[in-house]
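Peer 1: Can you read through this structure? Questions will come right after.
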Amino acid sequence: MVVWSIANQKGGVGKTTTTVSLAGLLSERNKRVLLVDTDPHSSLTTYLNFDSDRLESSLFDLFQLSTIDRVTVKPLVLETRFKNIHLIPAHMSLATLDRVMGTRSGMGLILKKALKCLEEEYDYVLIDCPPILGVMMVNALAASERILIPVQTEFLAMKGLERMMRTLQIMQKSRPDEFKVTIVPTMYDKRTRASLETLQELKSRYANQVWASAVPIDTKFRDASIKHMPPSLYARGSRGVFAYKTLLNYLERLGQDER
């Protein structure tokens, strides 16, 4: 089971779009995909047309369990209306975990333990992270073998990337294996100097970690979210979907080379 976190300590860079776009493409390749929404704002949950306030359970309940095993974890998983895509939804109560349980021993490994219980049922797990460093991001990063960092191709987004890279350096000290990081340039507009220069800066500063291409601005992403559909199912031939397909092929080749 392959586990990727989609993370950045800046909002509005395309984390949820990246998560659901890759999920749709993987599902079309007959991969069983589990999505995990760790953001209290529940953007991924809402995208997939679930009302987090009306759900009987959510990721928050995982952190209340006295025993973590398949029997206790499986009821937290929802089937979506899309083939091969399941979801552990978020709820706003996740925002209280840092205050209530943030200092409890072992809190950072709960999600990793839960996913271990489900490893025979899924080929991929994609974790959509909140834009702040806390219990939820720590859990996501600890559970993942690769971190995808969407970065909007404009100068302010570089600061969020710098914070994210520092966070990974700090967490690396308590991890035996190195984080595998792929920086994903997003919202690229080749007509603007800001996009061109930011992409060049990314490739210059993070040459070994940045994906060589970029996800363009595409209104089809917005339209797909309104319809609560993965972009690949809503607008298969769009340039944005083509970009994510290229990214997925790249990530799969990386995984094969690393094995």
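As shown in the structure tokens, the chain order sets the letters A, B, ...; within each chain, residues go from 1, and ligands are also counted from 1 in the order they appear.
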So that I can check the surroundings of A:Ala243, please list as a PyMOL selection string every protein, DNA and RNA residue that reaches within 9 Å of it, counting only C-alpha atoms and ignoring chain neighbours fewer than 6 positions away.

Peer 2: chain A and resi 213-216

Peer 1: Can you pull out every residue within 10 Å of stretch 175-185 of chain A, counting only C-alpha atoms, but drop anything in the same chain fewer than 2 positions away, and send it as a PyMOL selection string?

Peer 2: chain A and resi 4-8+13-15+18+141-142+144-154+161+165+168-173+187-188+195+198-199+202-203+206-216+244+247+251+254-255+258

Peer 1: Selection from above, N, CA and C atoms, as a compact mmCIF listing (two decimals), in the first residue's frame, can you write it?

Peer 2:
# COMPACT_ATOMS: atom_id res chain seq x y z
N TRP A 4 0.71 8.57 0.31
CA TRP A 4 1.21 9.90 -0.02
C TRP A 4 0.45 10.94 0.79
N SER A 5 1.17 11.93 1.32
CA SER A 5 0.54 13.10 1.92
C SER A 5 0.66 14.27 0.96
N ILE A 6 -0.40 15.04 0.85
CA ILE A 6 -0.38 16.26 0.05
C ILE A 6 -0.40 17.41 1.05
N ALA A 7 0.71 18.11 1.18
CA ALA A 7 0.88 19.04 2.30
C ALA A 7 1.59 20.32 1.88
N ASN A 8 1.24 21.40 2.54
CA ASN A 8 1.94 22.67 2.42
C ASN A 8 1.42 23.57 3.54
N VAL A 13 -3.13 26.54 -2.37
CA VAL A 13 -2.09 26.19 -3.35
C VAL A 13 -2.48 24.99 -4.22
N GLY A 14 -3.64 24.38 -3.92
CA GLY A 14 -4.10 23.27 -4.74
C GLY A 14 -3.96 21.90 -4.10
N LYS A 15 -3.92 21.85 -2.76
CA LYS A 15 -3.76 20.55 -2.09
C LYS A 15 -4.95 19.63 -2.36
N THR A 18 -5.21 18.60 -6.00
CA THR A 18 -4.20 17.58 -6.31
C THR A 18 -4.63 16.22 -5.78
N LEU A 141 2.30 13.10 7.99
CA LEU A 141 3.68 12.96 7.54
C LEU A 141 4.30 11.66 8.06
N ALA A 142 4.00 11.31 9.31
CA ALA A 142 4.56 10.09 9.89
C ALA A 142 4.06 8.83 9.19
N SER A 144 3.38 8.58 5.96
CA SER A 144 3.58 8.64 4.51
C SER A 144 4.99 8.24 4.09
N GLU A 145 5.06 7.68 2.90
CA GLU A 145 6.36 7.38 2.30
C GLU A 145 6.79 8.47 1.33
N ARG A 146 5.83 9.27 0.85
CA ARG A 146 6.16 10.40 -0.02
C ARG A 146 5.29 11.59 0.35
N ILE A 147 5.90 12.77 0.31
CA ILE A 147 5.19 14.01 0.58
C ILE A 147 5.11 14.80 -0.73
N LEU A 148 3.91 15.08 -1.18
CA LEU A 148 3.71 15.93 -2.35
C LEU A 148 3.41 17.34 -1.83
N ILE A 149 4.18 18.31 -2.30
CA ILE A 149 4.00 19.69 -1.85
C ILE A 149 3.56 20.55 -3.02
N PRO A 150 2.26 20.79 -3.17
CA PRO A 150 1.81 21.72 -4.21
C PRO A 150 2.26 23.14 -3.87
N VAL A 151 2.79 23.82 -4.86
CA VAL A 151 3.27 25.19 -4.66
C VAL A 151 2.74 26.06 -5.78
N GLN A 152 1.93 27.01 -5.43
CA GLN A 152 1.42 27.95 -6.42
C GLN A 152 2.59 28.73 -7.02
N THR A 153 2.59 28.90 -8.33
CA THR A 153 3.73 29.56 -8.98
C THR A 153 3.59 31.08 -8.89
N GLU A 154 3.73 31.57 -7.67
CA GLU A 154 3.82 33.00 -7.40
C GLU A 154 4.67 33.18 -6.14
N LEU A 161 6.50 27.16 1.16
CA LEU A 161 7.36 26.02 0.85
C LEU A 161 8.56 25.97 1.78
N MET A 165 9.51 22.85 4.21
CA MET A 165 10.79 22.14 4.16
C MET A 165 11.47 22.15 5.54
N LEU A 168 9.79 19.46 7.64
CA LEU A 168 10.27 18.12 7.29
C LEU A 168 11.65 17.86 7.88
N GLN A 169 12.50 18.88 7.89
CA GLN A 169 13.83 18.72 8.49
C GLN A 169 13.73 18.41 9.98
N ILE A 170 12.81 19.08 10.66
CA ILE A 170 12.63 18.84 12.09
C ILE A 170 12.11 17.43 12.34
N MET A 171 11.11 17.03 11.55
CA MET A 171 10.52 15.70 11.75
C MET A 171 11.48 14.59 11.32
N GLN A 172 12.39 14.89 10.43
CA GLN A 172 13.34 13.88 9.96
C GLN A 172 14.18 13.31 11.10
N LYS A 173 14.40 14.12 12.13
CA LYS A 173 15.24 13.70 13.25
C LYS A 173 14.65 12.51 14.00
N MET A 187 -1.13 26.01 -10.50
CA MET A 187 -1.71 27.29 -10.91
C MET A 187 -0.76 28.07 -11.82
N TYR A 188 -0.11 27.35 -12.70
CA TYR A 188 0.89 27.95 -13.58
C TYR A 188 0.23 28.66 -14.75
N SER A 195 4.68 33.69 -12.82
CA SER A 195 4.67 32.24 -12.93
C SER A 195 5.98 31.71 -13.51
N THR A 198 8.84 32.20 -10.93
CA THR A 198 8.70 31.32 -9.77
C THR A 198 9.04 29.88 -10.14
N LEU A 199 8.59 29.42 -11.29
CA LEU A 199 8.91 28.06 -11.73
C LEU A 199 10.42 27.91 -11.91
N LEU A 202 11.97 27.66 -8.44
CA LEU A 202 11.75 26.33 -7.86
C LEU A 202 12.76 25.32 -8.41
N LYS A 203 12.93 25.35 -9.71
CA LYS A 203 13.85 24.39 -10.34
C LYS A 203 15.29 24.67 -9.96
N TYR A 206 15.39 23.83 -5.81
CA TYR A 206 15.00 22.48 -5.39
C TYR A 206 15.11 21.50 -6.56
N ALA A 207 16.23 21.55 -7.25
CA ALA A 207 16.38 20.81 -8.51
C ALA A 207 16.11 19.31 -8.36
N ASN A 208 16.49 18.74 -7.24
CA ASN A 208 16.36 17.29 -7.07
C ASN A 208 14.99 16.86 -6.56
N GLN A 209 14.15 17.83 -6.23
CA GLN A 209 12.87 17.49 -5.62
C GLN A 209 11.66 18.00 -6.38
N VAL A 210 11.84 18.93 -7.28
CA VAL A 210 10.70 19.52 -7.98
C VAL A 210 10.38 18.73 -9.24
N TRP A 211 9.09 18.52 -9.46
CA TRP A 211 8.61 17.94 -10.71
C TRP A 211 8.91 18.92 -11.84
N ALA A 212 9.42 18.43 -12.95
CA ALA A 212 9.93 19.31 -14.01
C ALA A 212 8.83 20.08 -14.73
N SER A 213 7.60 19.60 -14.66
CA SER A 213 6.50 20.27 -15.35
C SER A 213 5.68 21.09 -14.34
N ALA A 214 4.44 21.44 -14.69
CA ALA A 214 3.60 22.24 -13.79
C ALA A 214 2.14 22.01 -14.14
N VAL A 215 1.28 22.18 -13.13
CA VAL A 215 -0.17 22.09 -13.35
C VAL A 215 -0.67 23.49 -13.71
N PRO A 216 -1.28 23.63 -14.87
CA PRO A 216 -1.70 24.97 -15.30
C PRO A 216 -2.98 25.43 -14.61
N TYR A 244 -1.99 16.39 -14.49
CA TYR A 244 -1.99 15.45 -13.35
C TYR A 244 -1.72 14.02 -13.80
N LEU A 247 1.93 13.91 -14.07
CA LEU A 247 2.50 13.85 -12.72
C LEU A 247 2.39 12.44 -12.15
N LEU A 251 5.35 10.00 -10.81
CA LEU A 251 5.42 9.47 -9.44
C LEU A 251 5.51 7.96 -9.43
N LEU A 254 9.01 7.01 -10.36
CA LEU A 254 9.87 7.23 -9.21
C LEU A 254 9.77 6.07 -8.21
N GLY A 255 8.53 5.66 -7.92
CA GLY A 255 8.31 4.58 -6.98
C GLY A 255 8.96 3.28 -7.44
N GLU A 258 12.75 3.51 -7.04
CA GLU A 258 13.17 3.48 -5.64
C GLU A 258 13.08 2.09 -5.04

Peer 1: Within 10 Å of stretch 72-87 of chain A, counting only C-alpha atoms, which residues qualify if same-chain residues fewer than 4 places away don't, as a ChimeraX atom specification?

Peer 2: /A:20,23-24,26-37,44-45,48-50,55-62,65-68,113-115,117-118,122-127,229-230,233

Peer 1: For those residues, write C-alpha atoms to a file as a CSV table (one decimal), in the first residue's frame.

Peer 2:
chain,number,residue,atom,x,y,z
A,20,VAL,CA,-8.9,14.4,-5.7
A,23,ALA,CA,-7.5,9.8,-6.8
A,24,GLY,CA,-9.7,10.0,-9.9
A,26,LEU,CA,-5.8,6.1,-9.9
A,27,SER,CA,-9.3,4.8,-9.7
A,28,GLU,CA,-9.5,4.7,-13.5
A,29,ARG,CA,-6.4,2.5,-13.4
A,30,ASN,CA,-8.3,0.1,-11.2
A,31,LYS,CA,-6.4,1.1,-8.1
A,32,ARG,CA,-8.2,1.0,-4.8
A,33,VAL,CA,-7.8,4.4,-3.2
A,34,LEU,CA,-8.5,5.6,0.3
A,35,LEU,CA,-8.6,9.3,0.8
A,36,VAL,CA,-8.0,10.8,4.3
A,37,ASP,CA,-9.2,14.3,5.1
A,44,LEU,CA,-11.9,17.2,0.7
A,45,THR,CA,-15.0,15.9,2.5
A,48,LEU,CA,-16.9,14.7,-2.4
A,49,ASN,CA,-20.4,15.9,-1.5
A,50,PHE,CA,-20.4,14.9,2.2
A,55,LEU,CA,-21.9,12.3,9.4
A,56,GLU,CA,-22.1,9.8,12.2
A,57,SER,CA,-18.3,9.4,12.4
A,58,SER,CA,-15.2,11.0,11.2
A,59,LEU,CA,-11.4,11.0,11.5
A,60,PHE,CA,-11.8,12.6,14.9
A,61,ASP,CA,-13.3,9.4,16.2
A,62,LEU,CA,-10.1,7.6,15.4
A,65,LEU,CA,-10.5,4.8,20.2
A,66,SER,CA,-9.0,2.8,23.0
A,67,THR,CA,-8.1,0.0,20.6
A,68,ILE,CA,-7.0,0.5,17.0
A,113,LYS,CA,-1.4,2.5,13.0
A,114,ALA,CA,-4.9,2.8,11.6
A,115,LEU,CA,-3.7,2.7,8.0
A,117,CYS,CA,-4.9,-2.2,9.7
A,118,LEU,CA,-6.3,-1.4,6.2
A,122,TYR,CA,-6.1,-0.4,-0.6
A,123,ASP,CA,-3.4,0.2,-3.2
A,124,TYR,CA,-3.0,3.9,-2.5
A,125,VAL,CA,-3.8,6.2,0.4
A,126,LEU,CA,-3.8,10.0,-0.3
A,127,ILE,CA,-3.9,12.2,2.8
A,229,MET,CA,-16.5,15.1,-9.3
A,230,PRO,CA,-12.8,14.2,-9.8
A,233,LEU,CA,-14.3,12.2,-14.7

Peer 1: Got a sec to tell me which of stretch 53-174 of chain A DSSP assigns to alpha helix (DSSP H), as a ChimeraX atom specification?

Peer 2: /A:59-62,70-73,97-101,110-117,135-143,155-172

Peer 1: Can you list, as a PyMOL selection string, every residue of stretch 30-106 of chain A that DSSP puts in strand (DSSP E or B)?

Peer 2: chain A and resi 33-37+78-79+85-88

Peer 1: Report, in Å to a single decimal, how far apart atom CA of A:Ile132 and atom CA of A:Ala224 are.

Peer 2: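 Separation of atom CA of A:Ala224 and atom CA of A:Ile132: 26.1 Å.
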
Peer 1: Considering only C-alpha atoms, state which residue in the set A:Glu120, A:Phe155, A:Phe63, A:Pro130 is at the smallest distance from A:Leu196.

Peer 2: A:Phe155

Peer 1: Given the choices A:Glu119, A:Asp223, A:Asp51, A:Asp128, which gets closest to A:Gly11 if the distance is worked out from only C-alpha atoms?

Peer 2: A:Asp128
